[in-house]
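Q: Provided herewith is a single structure, encoded as structure tokens, for subsequent inquiry.
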Amino acid sequence: MGRRRLPIKELRLMRAIWLEQFGDPSVLVPGAAPDPVPEAGEVLVAVEFAGITFVETQFRATGAGPFKGELPMVPGNGVAGTVTAVGAGTDPALLGRRVVSSTGGSGGYAERVAVPATGVFEVPDGLALDEAMALLADGRTAVLQLRAVRPAAGERVLVEAAAGGVGSLLVQLAKAAGAEVVAAAGGPRKLALARELGADEVVDYREADWTGQVAPVDAVFDGVGGAIGRAAFELLGAGGRMVSYGLASGEWAAIPARTAAARGVALVTGERTPAALRDATEYALAEAAAGRLRPVIGQRFPLAEAAAAHAAIESRATVGKTLLEVGAPPRAER
């Protein structure tokens with residue numbers, strides 16, 4: 001069922017970012033869009049922050065990935081804000097609540113978005129909205145990878161892209177689990193951040209023989225893929241585990257199952273059931289609210305500069321999470 005159309009005289013517009021064709025970051029163009037109207041079972045979120053993931057930059061460039069949508073469209077998959085209206089059959093108690101939510105891949109780069117009420121997460125007291133936004137996708141991903149690998153106290157684990165949104169959280173989570181953490185990242189700034197977050201060792205994987213500087217490890221968190229992921233695999237021995245969850249290099253590590261089996265290495269994956277995803281998200285938010293997990297927000301851009309935000313991520317110069325600052329806290333509409 002399509003969105004309810006408003007009479008022209010009632011039509012309200014909001015600021016948004018439009019994707020009219022796939023290509024370089026310049027295809028993200030500021031413009032106006034009609035205000036969404038929440039349907040049955042939905043809530044309207046006044047967006048304060050929108051998150052950007054590497055997957056979104058790939059979608060913008062090629063149209064490939066998990067997101068779908070007909071062009072032109074307003075992209076954006078993660079938002080943080082306040083519920084200002086509810087659709088029919090939706091609990092009115094949600095009005096005024098601070099929430100984070102995925103959008104399904106579209107509508108997030110805008111001042112307001114309608115999302116299913118069942119998909120929102122209330123932000124715990126004591127946790128800022130921007131921090132909650134930084135945890136929505138990356139926190140969930142980090143927790144799921146940690147649960148897949150299950151590092152034991154004293155084991156050595158390698159975290160790739162350790163200064164990125166997911167990697168910076170994995171460094172902290174693995175350390176809290178009692179593991180000895182080796183952080184792999186590119187450049188002094190990123191290595192210094194990994195140290196600050198608790199890494200026991202750091203290594204620059206831009207160096208040709210970087211694995212030669214690292215003693216064998218028990219587990220690898222592969223968020224880069226490609227040649228780096230394949231090189232990291234060689235650090236594992238019998239009983240080792242490797243989880244691949246990202247392809248920042250542009251390709252998966254693609255370790256053949258029989259190659260892993262010959263080394264006694266388990267290629268594990270994070271659970272992706274709706275229950276597991278919700279539990280991992282709620283766990284990350286709760287840990288941050290309790291002060292035990294620190295989301296790193298490395299860059300912030302105004303909504304109108306979404307193109308610059310995408311370009312920064314693709315330049316590999318960013319650390320932690322990149323956010324779009326969209327709007328000020330709104331009043332609830334009753």
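Here, A, B, ... name the chains of the structure tokens in the order displayed, residue numbers run from 1 inside each chain, and ligands are numbered from 1 in the same displayed order.
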Could you list, as a PyMOL selection string, every residue within 8 Å of Thr269 (chain A), counting only C-alpha atoms and ignoring same-chain residues fewer than 6 positions away?

A: chain A and resi 145+148+243-245

Q: Applying 12 Å and only C-alpha atoms, which residues near Glu234 (chain A) remain after dropping the ones on its own chain fewer than 6 positions away? List them as a list in words.

A: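 What passes the distance filter is Leu158, Trp210, Thr211, Gly212, Val214, Ala215, Pro216, Val217, Asp218, Ala219, Val220, Ala227, Ile228, Gly240, Arg241, Met242, Ala253, Ile255, Thr259, Ala260, Arg263, Gly264 and Val265 of chain A.
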
Q: Report as JSON lines: every residue of region 51-82 of chain A with an atom at most 7 Å from region 129-138 of chain A, its closest pair of atoms, and their distance in Å to one decimal, counting only C-alpha atoms, with rows sorted by chain and ascending residue number.

A:
```
{"residue": "A:Gly51", "atom": "CA", "partner": "A:Met133", "partner_atom": "CA", "distance": 6.3}
{"residue": "A:Val79", "atom": "CA", "partner": "A:Met133", "partner_atom": "CA", "distance": 6.5}
{"residue": "A:Ala80", "atom": "CA", "partner": "A:Met133", "partner_atom": "CA", "distance": 5.5}
```

Q: Tell me which protein, DNA and RNA residues are within 8 Å of Thr318 (chain A), counting only C-alpha atoms, leaving out same-chain ones fewer than 4 positions away, and put them as number ranges by chain.

A: A: 164, 298-299, 312-313, 322

Q: Using only C-alpha atoms, pick whichever of A:Ala85, A:Ala248, A:Ala114, A:Leu144 has the shortest atom-to-atom distance to Ala275 (chain A).

A: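 Once distances to Ala275 (chain A) are computed over only C-alpha atoms, the minimum belongs to A:Leu144.
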
Q: Could you state the separation of CA of Arg300 (chain A) and CA of Leu323 (chain A) in Å, given to one decimal place?

A: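 About the pair CA of Arg300 (chain A) and CA of Leu323 (chain A): they are 4.9 Å apart.
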
Q: May I have the residues within 9 Å of Val120 (chain A) as a ChimeraX atom specification, using only C-alpha atoms and disregarding those fewer than 6 positions away in the same chain?

A: /A:43,99-102

Q: Let me make sure I understand: among A:Thr57, A:Gly78, A:Glu196, A:Arg98, which one has the smallest atom-to-atom distance to Gly126 (chain A) if we use only C-alpha atoms?

A: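 Among the listed residues, the smallest separation from Gly126 (chain A) belongs to A:Arg98.
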
Q: Looking at only C-alpha atoms, which of A:Val29, A:Leu19, A:Val83, A:Ala306 is the one that sits closest to Thr62 (chain A)?

A: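 The shortest atom-to-atom distance to Thr62 (chain A) comes from A:Leu19.
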
Q: Taking the backbone alone, and naming residues the way the document does, which bits of region 101-142 of chain A are strand (DSSP E) by DSSP, as a ChimeraX atom specification?

A: /A:101-102,112-116,120-122

Q: Would you mind exporting the chosen residues as a short mmCIF file (atom, residue, chain, number, x, y, z; two decimals), in the first residue's frame, restricted to C-alpha atoms?

A:
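And here's out-v4.cif as it stands now:
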```cif
data_model
loop_
_atom_site.label_atom_id
_atom_site.label_comp_id
_atom_site.auth_asym_id
_atom_site.auth_seq_id
_atom_site.Cartn_x
_atom_site.Cartn_y
_atom_site.Cartn_z
CA SER A 101 15.72 2.94 14.25
CA SER A 102 16.67 1.48 10.92
CA ARG A 112 11.46 13.31 9.40
CA VAL A 113 10.88 9.65 8.62
CA ALA A 114 8.09 7.14 9.26
CA VAL A 115 9.23 3.72 10.49
CA PRO A 116 7.52 0.61 11.90
CA VAL A 120 12.40 1.30 17.10
CA PHE A 121 14.69 1.09 20.12
CA GLU A 122 14.15 3.44 23.02
#
```

Q: As an MDAnalysis selection string, please: every residue in region 79-212 of chain A that DSSP puts in alpha helix (DSSP H).

A: chainID A and resid 129:149 165:176 188:196

Q: Using only C-alpha atoms, which residue out of A:Val326, A:Ala290, A:Val319, A:Ala261 lies closest to Pro124 (chain A)?

A: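 Result for the nearest residue to Pro124 (chain A): A:Ala290.
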
Q: Listing only residues of region 60-163 of chain A within 6 Å of region 280-287 of chain A, what is the closest atom pair and its distance in Å (to one decimal) for each, using only C-alpha atoms, sorted by chain and residue number ascending, as a tab-separated table?

A:
```
residue	atom	partner	partner_atom	distance
A:Gly139	CA	A:Ala284	CA	5.4
A:Arg140	CA	A:Thr281	CA	4.5
A:Val143	CA	A:Ala280	CA	5.7
```

Q: Write out the residues from the selection above, keeping N, CA and C atoms, as a short mmCIF file (atom, residue, chain, number, x, y, z; two decimals), in the first residue's frame.

A:
```
data_model
loop_
_atom_site.label_atom_id
_atom_site.label_comp_id
_atom_site.auth_asym_id
_atom_site.auth_seq_id
_atom_site.Cartn_x
_atom_site.Cartn_y
_atom_site.Cartn_z
N GLY A 139 27.14 -1.06 16.80
CA GLY A 139 27.11 -1.77 18.07
C GLY A 139 26.51 -3.15 17.91
N ARG A 140 25.40 -3.22 17.19
CA ARG A 140 24.77 -4.51 16.93
C ARG A 140 25.74 -5.45 16.21
N VAL A 143 28.63 -6.68 18.56
CA VAL A 143 28.17 -7.67 19.55
C VAL A 143 27.94 -9.02 18.89
#
```

Q: Any idea what's packed within 7 Å of Glu325 (chain A), counting only C-alpha atoms, ignoring anything in its chain fewer than 5 positions away? Could you give it as JSON, numbers by chain?

A: {"A": [48, 49, 50, 300, 301, 302, 303]}

Q: Considering only C-alpha atoms, state which residue in the set A:Gly165, A:Pro25, A:Gly250, A:Gly223 is at the smallest distance from Ala184 (chain A).

A: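 Using only C-alpha atoms, the shortest distance to Ala184 (chain A) belongs to A:Gly223.
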
Q: Record the distance separating CA of Thr82 (chain A) and CA of Ala308 (chain A), expressed in Å with one decimal.

A: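 Here the two named atoms are 25.8 Å from each other.
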
Q: Nearest to Arg147 (chain A): which of A:Ala288, A:Val123, A:Leu277, A:Ala309 is it, counting only C-alpha atoms?

A: A:Leu277
